[in-house]
$ cat final-v7.txt   # compact mmCIF, C-alpha atoms and all ligand atoms
# COMPACT_ATOMS: atom_id res chain seq x y z
CA MET A 1 -1.77 -20.22 -97.93
CA GLU A 2 -2.09 -21.67 -94.43
CA HIS A 3 -1.63 -19.06 -91.72
CA ALA A 4 0.17 -19.90 -88.51
CA LEU A 5 -2.45 -20.24 -85.80
CA LEU A 6 -2.11 -18.50 -82.47
CA LYS A 7 -4.01 -19.14 -79.27
CA ALA A 8 -5.25 -16.28 -77.11
CA ARG A 9 -6.76 -16.48 -73.64
CA LEU A 10 -9.61 -14.20 -72.63
CA THR A 11 -8.53 -12.22 -69.57
CA ARG A 12 -11.38 -9.71 -69.25
CA SER A 13 -14.88 -9.32 -70.66
CA ILE A 14 -16.89 -6.11 -70.25
CA LEU A 15 -20.43 -5.46 -71.44
CA LEU A 16 -20.44 -2.13 -73.31
CA SER A 17 -24.15 -2.25 -74.17
CA GLU A 18 -26.88 -4.85 -74.42
CA LYS A 19 -25.31 -6.58 -77.44
CA THR A 20 -21.73 -5.33 -77.42
CA LYS A 21 -18.65 -6.48 -75.56
CA HIS A 22 -15.12 -5.29 -74.94
CA LEU A 23 -12.86 -8.35 -74.71
CA GLU A 24 -9.23 -8.41 -73.59
CA PHE A 25 -6.88 -11.24 -74.59
CA GLU A 26 -3.37 -12.46 -73.97
CA VAL A 27 -1.57 -14.40 -76.73
CA GLU A 28 -0.30 -17.69 -75.31
CA ASP A 29 3.36 -18.67 -75.44
CA ALA A 30 4.48 -15.34 -76.91
CA PRO A 31 6.17 -12.44 -75.12
CA ALA A 32 4.70 -9.91 -77.58
CA PHE A 33 1.96 -9.47 -80.16
CA ASP A 34 2.95 -6.85 -82.69
CA PHE A 35 0.68 -5.17 -85.22
CA VAL A 36 -0.07 -1.80 -86.77
CA PRO A 37 -3.03 0.27 -85.46
CA GLY A 38 -6.04 -0.37 -87.73
CA GLN A 39 -5.20 -4.01 -88.50
CA PHE A 40 -7.44 -6.97 -87.67
CA ILE A 41 -7.11 -10.57 -86.58
CA SER A 42 -8.97 -13.55 -88.03
CA VAL A 43 -10.62 -15.79 -85.45
CA ARG A 44 -10.95 -19.38 -86.62
CA GLU A 45 -13.15 -21.83 -84.77
CA PRO A 46 -14.77 -25.17 -85.58
CA ARG A 47 -18.48 -25.34 -86.25
CA GLY A 48 -19.60 -28.91 -86.76
CA GLU A 49 -17.20 -30.39 -89.28
CA LYS A 50 -16.19 -27.04 -90.78
CA PHE A 51 -14.06 -24.13 -89.64
CA ILE A 52 -15.48 -20.61 -89.59
CA THR A 53 -13.17 -17.61 -89.87
CA ARG A 54 -14.19 -14.01 -89.13
CA ALA A 55 -12.22 -10.77 -89.00
CA TYR A 56 -12.13 -8.50 -85.91
CA SER A 57 -10.33 -5.16 -85.73
CA LEU A 58 -7.78 -4.77 -82.99
CA ALA A 59 -9.31 -2.24 -80.58
CA SER A 60 -6.12 -1.60 -78.63
CA PRO A 61 -2.84 0.00 -79.66
CA PRO A 62 0.22 -2.22 -80.06
CA ARG A 63 1.71 -2.57 -76.57
CA ALA A 64 5.06 -3.82 -75.35
CA ASP A 65 3.44 -7.11 -74.27
CA ASN A 66 1.27 -9.91 -75.71
CA THR A 67 -2.15 -8.35 -75.06
CA PHE A 68 -4.87 -7.02 -77.36
CA ASP A 69 -8.50 -5.94 -77.11
CA LEU A 70 -11.53 -6.51 -79.34
CA CYS A 71 -14.88 -4.73 -79.48
CA LEU A 72 -17.67 -6.74 -80.99
CA ASN A 73 -21.38 -6.99 -81.13
CA ARG A 74 -23.73 -9.94 -81.36
CA VAL A 75 -25.15 -10.29 -84.87
CA ASP A 76 -28.59 -11.97 -84.94
CA GLU A 77 -28.21 -15.58 -86.07
CA GLY A 78 -24.47 -15.01 -86.49
CA PHE A 79 -22.08 -17.77 -85.37
CA MET A 80 -18.76 -16.16 -84.52
CA SER A 81 -19.97 -12.92 -82.92
CA ASN A 82 -22.14 -14.88 -80.48
CA TYR A 83 -19.45 -17.53 -79.95
CA LEU A 84 -16.97 -14.83 -78.90
CA CYS A 85 -19.45 -12.89 -76.76
CA ASP A 86 -20.28 -16.15 -74.94
CA ARG A 87 -16.66 -16.90 -73.99
CA ALA A 88 -15.77 -16.76 -70.29
CA VAL A 89 -12.56 -15.41 -68.79
CA GLY A 90 -9.93 -18.16 -69.09
CA ASP A 91 -11.29 -19.55 -72.39
CA VAL A 92 -8.89 -19.85 -75.32
CA VAL A 93 -9.66 -18.87 -78.94
CA ASN A 94 -7.77 -19.65 -82.16
CA LEU A 95 -6.73 -16.91 -84.51
CA HIS A 96 -4.27 -15.78 -87.11
CA GLY A 97 -2.93 -12.38 -88.01
CA PRO A 98 -2.44 -9.50 -87.79
CA HIS A 99 -3.77 -8.67 -91.25
CA GLY A 100 -4.99 -5.67 -93.21
CA VAL A 101 -3.97 -2.41 -94.80
CA PHE A 102 -6.44 -0.08 -93.05
CA VAL A 103 -3.60 1.77 -91.35
CA LEU A 104 -2.48 5.35 -90.88
CA LYS A 105 -0.80 6.99 -93.87
CA PRO A 106 2.89 7.75 -93.31
CA ASP A 107 2.45 11.40 -94.38
CA VAL A 108 0.60 12.63 -91.33
CA ASP A 109 -2.04 15.23 -92.22
CA ASP A 110 -4.98 16.43 -90.19
CA MET A 111 -7.36 13.51 -90.09
CA ILE A 112 -10.94 12.53 -89.45
CA PHE A 113 -11.91 9.11 -88.12
CA VAL A 114 -15.50 8.25 -89.00
CA ALA A 115 -17.21 5.27 -87.37
CA THR A 116 -20.52 3.72 -86.55
CA GLY A 117 -21.09 0.86 -84.10
CA THR A 118 -18.12 -1.40 -83.48
CA GLY A 119 -16.37 0.36 -86.36
CA VAL A 120 -14.91 2.49 -83.57
CA ALA A 121 -12.52 -0.37 -82.70
CA PRO A 122 -9.60 0.52 -85.04
CA PHE A 123 -9.90 4.20 -84.08
CA ARG A 124 -9.49 3.40 -80.40
CA SER A 125 -6.25 1.71 -81.44
CA MET A 126 -5.12 4.58 -83.68
CA ALA A 127 -6.05 7.35 -81.20
CA GLN A 128 -4.30 5.67 -78.27
CA HIS A 129 -1.26 5.10 -80.49
CA LEU A 130 -1.14 8.68 -81.81
CA PHE A 131 -1.47 10.23 -78.35
CA GLY A 132 0.87 7.83 -76.53
CA ARG A 133 -1.84 6.08 -74.53
CA ASP A 134 -0.19 2.73 -75.24
CA GLY A 135 2.03 2.74 -72.18
CA SER A 136 4.88 4.48 -74.02
CA GLY A 137 3.81 8.08 -73.42
CA GLN A 138 5.23 8.80 -76.89
CA ASP A 139 3.40 11.42 -78.92
CA ARG A 140 3.01 10.46 -82.58
CA HIS A 141 0.48 12.98 -83.91
CA TYR A 142 3.03 15.77 -84.57
CA GLY A 143 0.59 18.57 -83.85
CA ARG A 144 -1.97 17.36 -86.40
CA GLN A 145 -5.67 17.70 -85.67
CA VAL A 146 -7.40 14.37 -85.10
CA HIS A 147 -11.20 14.26 -85.22
CA LEU A 148 -13.35 11.28 -84.27
CA VAL A 149 -16.94 11.43 -85.52
CA TYR A 150 -18.90 8.55 -84.07
CA GLY A 151 -22.48 7.81 -85.04
CA THR A 152 -25.06 5.62 -83.40
CA ARG A 153 -28.75 5.71 -82.55
CA TYR A 154 -28.94 5.97 -78.77
CA PRO A 155 -26.69 7.36 -76.00
CA GLU A 156 -26.19 3.90 -74.46
CA ASP A 157 -24.47 2.75 -77.67
CA VAL A 158 -21.70 5.34 -77.57
CA TYR A 159 -18.90 2.87 -76.83
CA TYR A 160 -15.79 4.06 -74.93
CA ARG A 161 -17.41 7.46 -74.48
CA GLN A 162 -15.66 8.26 -71.19
CA GLU A 163 -12.28 7.29 -72.61
CA PHE A 164 -12.65 9.49 -75.70
CA GLU A 165 -14.07 12.38 -73.68
CA GLN A 166 -11.10 12.19 -71.37
CA LEU A 167 -8.67 12.11 -74.30
CA ALA A 168 -10.37 15.17 -75.81
CA ALA A 169 -10.18 16.98 -72.44
CA GLU A 170 -6.47 16.23 -72.09
CA GLU A 171 -5.36 16.66 -75.73
CA PRO A 172 -6.28 19.94 -77.47
CA ASP A 173 -5.56 18.31 -80.87
CA PHE A 174 -8.11 15.51 -80.36
CA HIS A 175 -11.74 16.37 -81.16
CA TYR A 176 -14.58 14.01 -80.34
CA THR A 177 -18.07 14.24 -81.86
CA PRO A 178 -20.49 11.50 -80.87
CA THR A 179 -23.68 12.03 -82.86
CA LEU A 180 -27.05 10.34 -82.36
CA SER A 181 -29.59 9.62 -85.07
CA ARG A 182 -32.35 9.03 -82.49
CA PRO A 183 -31.42 11.25 -79.58
CA PRO A 184 -33.60 11.55 -76.49
CA GLU A 185 -34.67 15.10 -75.55
CA SER A 186 -32.08 15.15 -72.78
CA TRP A 187 -29.18 14.71 -75.29
CA SER A 188 -27.26 17.97 -75.61
CA GLY A 189 -24.61 16.67 -78.03
CA ALA A 190 -24.53 16.39 -81.82
CA ARG A 191 -27.47 14.98 -83.76
CA GLY A 192 -27.95 13.35 -87.14
CA TYR A 193 -25.75 11.17 -89.32
CA VAL A 194 -21.96 11.19 -89.32
CA GLN A 195 -21.81 12.59 -92.88
CA GLU A 196 -23.34 15.92 -91.79
CA HIS A 197 -20.59 16.42 -89.22
CA VAL A 198 -17.83 15.31 -91.57
CA ARG A 199 -19.06 17.91 -94.06
CA GLN A 200 -18.89 20.62 -91.39
CA ILE A 201 -15.37 19.68 -90.33
CA VAL A 202 -13.94 19.57 -93.86
CA GLY A 203 -15.63 22.74 -95.11
CA GLU A 204 -13.69 23.70 -98.24
CA ARG A 205 -10.60 21.64 -97.32
CA LYS A 206 -9.35 18.73 -99.41
CA ASP A 207 -5.99 18.22 -97.72
CA MET A 208 -6.92 15.94 -94.84
CA HIS A 209 -7.11 12.15 -94.61
CA VAL A 210 -10.45 10.62 -93.77
CA TYR A 211 -10.53 7.09 -92.36
CA ILE A 212 -13.93 5.38 -92.34
CA CYS A 213 -14.94 2.14 -90.64
CA GLY A 214 -18.27 0.37 -90.16
CA LEU A 215 -21.08 -1.13 -92.17
CA ASN A 216 -21.12 -0.63 -95.93
CA GLU A 217 -24.09 1.74 -96.01
CA MET A 218 -22.35 4.40 -93.91
CA VAL A 219 -18.95 3.82 -95.51
CA SER A 220 -20.40 4.25 -99.02
CA ALA A 221 -22.41 7.34 -98.07
CA THR A 222 -19.36 9.04 -96.53
CA ARG A 223 -17.10 8.16 -99.48
CA LYS A 224 -19.73 9.46 -101.89
CA LEU A 225 -19.96 12.73 -99.98
CA LEU A 226 -16.21 13.32 -100.03
CA ILE A 227 -15.29 12.02 -103.48
CA GLU A 228 -18.37 12.87 -105.57
CA GLU A 229 -19.83 15.91 -103.80
CA CYS A 230 -16.70 17.53 -102.34
CA GLY A 231 -14.31 16.46 -105.14
CA TRP A 232 -11.72 14.81 -102.91
CA GLU A 233 -8.97 12.56 -104.29
CA LYS A 234 -9.85 8.90 -103.67
CA LYS A 235 -6.51 8.22 -102.02
CA ARG A 236 -7.38 10.62 -99.18
CA VAL A 237 -10.40 8.53 -98.20
CA ILE A 238 -9.33 5.25 -96.59
CA TYR A 239 -11.94 2.76 -95.49
CA GLU A 240 -12.72 -0.63 -93.95
CA ARG A 241 -16.11 -2.29 -94.43
CA TYR A 242 -17.42 -4.82 -91.93
CA ASP A 243 -20.11 -6.32 -94.20
C1 LIG A 301 -11.82 -6.32 -91.75
C2 LIG A 301 -13.03 -6.57 -90.85
C3 LIG A 301 -12.97 -6.21 -89.51
C4 LIG A 301 -14.06 -6.44 -88.69
N1 LIG A 301 -13.99 -6.04 -87.39
C5 LIG A 301 -15.07 -6.19 -86.59
C6 LIG A 301 -15.04 -5.71 -85.24
O1 LIG A 301 -14.03 -5.16 -84.76
N2 LIG A 301 -16.15 -5.87 -84.48
C7 LIG A 301 -17.27 -6.47 -84.99
O2 LIG A 301 -18.26 -6.58 -84.23
N3 LIG A 301 -17.33 -6.94 -86.25
C8 LIG A 301 -16.26 -6.83 -87.05
N4 LIG A 301 -16.31 -7.31 -88.34
C9 LIG A 301 -17.46 -8.15 -88.75
C10 LIG A 301 -17.18 -9.63 -88.38
O3 LIG A 301 -16.09 -10.12 -89.14
C11 LIG A 301 -18.36 -10.56 -88.66
O4 LIG A 301 -18.83 -10.36 -89.97
C12 LIG A 301 -19.52 -10.37 -87.68
O5 LIG A 301 -19.08 -10.56 -86.34
C13 LIG A 301 -20.63 -11.38 -88.00
O6 LIG A 301 -20.10 -12.69 -87.94
P1 LIG A 301 -21.01 -13.90 -87.50
O7 LIG A 301 -20.26 -15.18 -87.78
O8 LIG A 301 -21.53 -13.71 -86.12
O9 LIG A 301 -22.29 -13.77 -88.45
P2 LIG A 301 -22.50 -14.39 -89.91
O10 LIG A 301 -22.97 -15.80 -89.72
O11 LIG A 301 -21.31 -14.16 -90.75
O12 LIG A 301 -23.63 -13.43 -90.45
C14 LIG A 301 -24.99 -13.51 -90.06
C15 LIG A 301 -25.80 -12.48 -90.84
O13 LIG A 301 -25.50 -11.15 -90.38
C16 LIG A 301 -25.05 -10.28 -91.45
N5 LIG A 301 -23.88 -9.55 -90.92
C17 LIG A 301 -22.59 -9.90 -91.03
N6 LIG A 301 -21.80 -9.03 -90.36
C18 LIG A 301 -22.62 -8.12 -89.81
C19 LIG A 301 -22.40 -7.01 -88.99
N7 LIG A 301 -21.14 -6.64 -88.61
N8 LIG A 301 -23.50 -6.31 -88.58
C20 LIG A 301 -24.74 -6.67 -88.96
N9 LIG A 301 -25.00 -7.73 -89.74
C21 LIG A 301 -23.96 -8.45 -90.16
C22 LIG A 301 -24.64 -11.22 -92.57
O14 LIG A 301 -24.90 -10.60 -93.83
C23 LIG A 301 -25.52 -12.44 -92.35
O15 LIG A 301 -26.78 -12.27 -92.97
C24 LIG A 301 -15.22 -7.08 -89.19
C25 LIG A 301 -15.27 -7.44 -90.54
C26 LIG A 301 -14.20 -7.19 -91.36
C27 LIG A 301 -14.28 -7.59 -92.82

$ encode --input "final-v7.txt" --output "structure tokens"
Amino acid sequence: MEHALLKARLTRSILLSEKTKHLEFEVEDAPAFDFVPGQFISVREPRGEKFITRAYSLASPPRADNTFDLCLNRVDEGFMSNYLCDRAVGDVVNLHGPHGVFVLKPDVDDMIFVATGTGVAPFRSMAQHLFGRDGSGQDRHYGRQVHLVYGTRYPEDVYYRQEFEQLAAEEPDFHYTPTLSRPPESWSGARGYVQEHVRQIVGERKDMHVYICGLNEMVSATRKLLIEECGWEKKRVIYERYD
């Protein structure tokens, strides 16, 4: 099936780390761009005589206007990630969407978001949505506990750190654990892989929802921990793999 193509103009580009960018777009000729937190768009661009299409999670919550954000990193030898990171403010990209079923369950339980790298993108959308940071001020977390466990190697790769720290300072129900696998001595925060911290948070519980996003290796390891080692029901572990 052919998807209707949209055009979006880049309005802001921020370097988050050496290889990672936060990009803000405005959909052209549309008053609004509606989607569900956790969904992605498909960017479609020509390369020679072919078209290349790649998925990117929406890193912003749905807003009352036509804007959205992406968070993406340059993949070595990759076409689309470098194409997008090389765009300048004012450039227009082609896309279709929103797509995807990696969205919050309607029965809101306590939840853990688990991410590595740019896998944090859908959780920025979900967290801002749940805690009314989408311009609406509307609370949608209904007193549930929301944990974000974010793993990376070095402190400079903890994307949106200030934003999440501020949310955790303002919202007693939001808990933020950035954990480093290769921390410098000066790092006073959590250490090790995300799975170790997920295990600590769940303890003996099996009644939460865990949402996982990132590269397959981490997603598989976290699913294995919860389903095989902790005996969780599969339906409580929701995931999106980037590779
Ligand atoms: C549902 C979904 C949502 C996604 N959301 C995001 C997002 O928000 N941000 C983001 O940065 N990426 C995201 N991705 C990954 C993205 O779609 C591309 O796969 C990635 O940008 C590489 O595309 P490319 O054309 O540059 O490289 P390609 O030419 O496709 O790949 C080049 C090489 O890199 C490997 N590779 C592919 N993807 C990755 C990766 N992510 N990391 C390391 N190696 C890789 C490939 O196996 C290949 O060998 C998402 C993927 C999916 C399926």

$ axis_aligned_box --input "final-v7.txt" --around "ligand LIG 301 (chain A)" --padding-each-side "4 Å" --output "AutoDock Vina command-line options"
--center_x -19.3 --center_y -10.5 --center_z -89.0 --size_x 23.0 --size_y 18.6 --size_z 17.6

$ closest_residue --input "final-v7.txt" --among "A:Val194, A:Met208, A:Ile41, A:Val237" --to "Ala4 (chain A)" --atoms "all atoms listed in the file"
A:Ile41

$ closest_residue --input "final-v7.txt" --among "A:Asp69, A:Glu49, A:Glu228, A:Glu24" --to "ligand LIG 301 (chain A)" --atoms "all atoms listed in the file"
A:Asp69

$ closest_residue --input "final-v7.txt" --among "A:Ala8, A:Leu215, A:Leu225, A:Leu104" --to "ligand LIG 301 (chain A)" --atoms "only C-alpha atoms and all ligand atoms"
A:Leu215

$ residues_near_point --input "final-v7.txt" --point "(-28.0, 7.8, -86.3)" --cutoff "9 Å" --atoms "all atoms listed in the file" --output "list of chain:residue names"
A:Thr116, A:Gly151, A:Thr152, A:Arg153, A:Tyr154, A:Thr179, A:Leu180, A:Ser181, A:Arg182, A:Pro183, A:Arg191, A:Gly192, A:Tyr193, A:Val194

$ residues_around --input "final-v7.txt" --residues "Ser13 (chain A)" --least-positions-apart "3" --cutoff "10 Å" --atoms "only C-alpha atoms" --output "VMD selection string"
chain A and resid 10 16 21 to 25 69 to 71 85 to 89

$ atom_distance --input "final-v7.txt" --atom1 "CA of Ala121 (chain A)" --atom2 "atom C21 of ligand LIG 301 (chain A)"
15.9 Å

$ residues_around --input "final-v7.txt" --residues "Arg44 (chain A)" --least-positions-apart "4" --cutoff "10 Å" --atoms "only C-alpha atoms" --output "PyMOL selection string"
chain A and resi 5-6+51-55+80+93-96
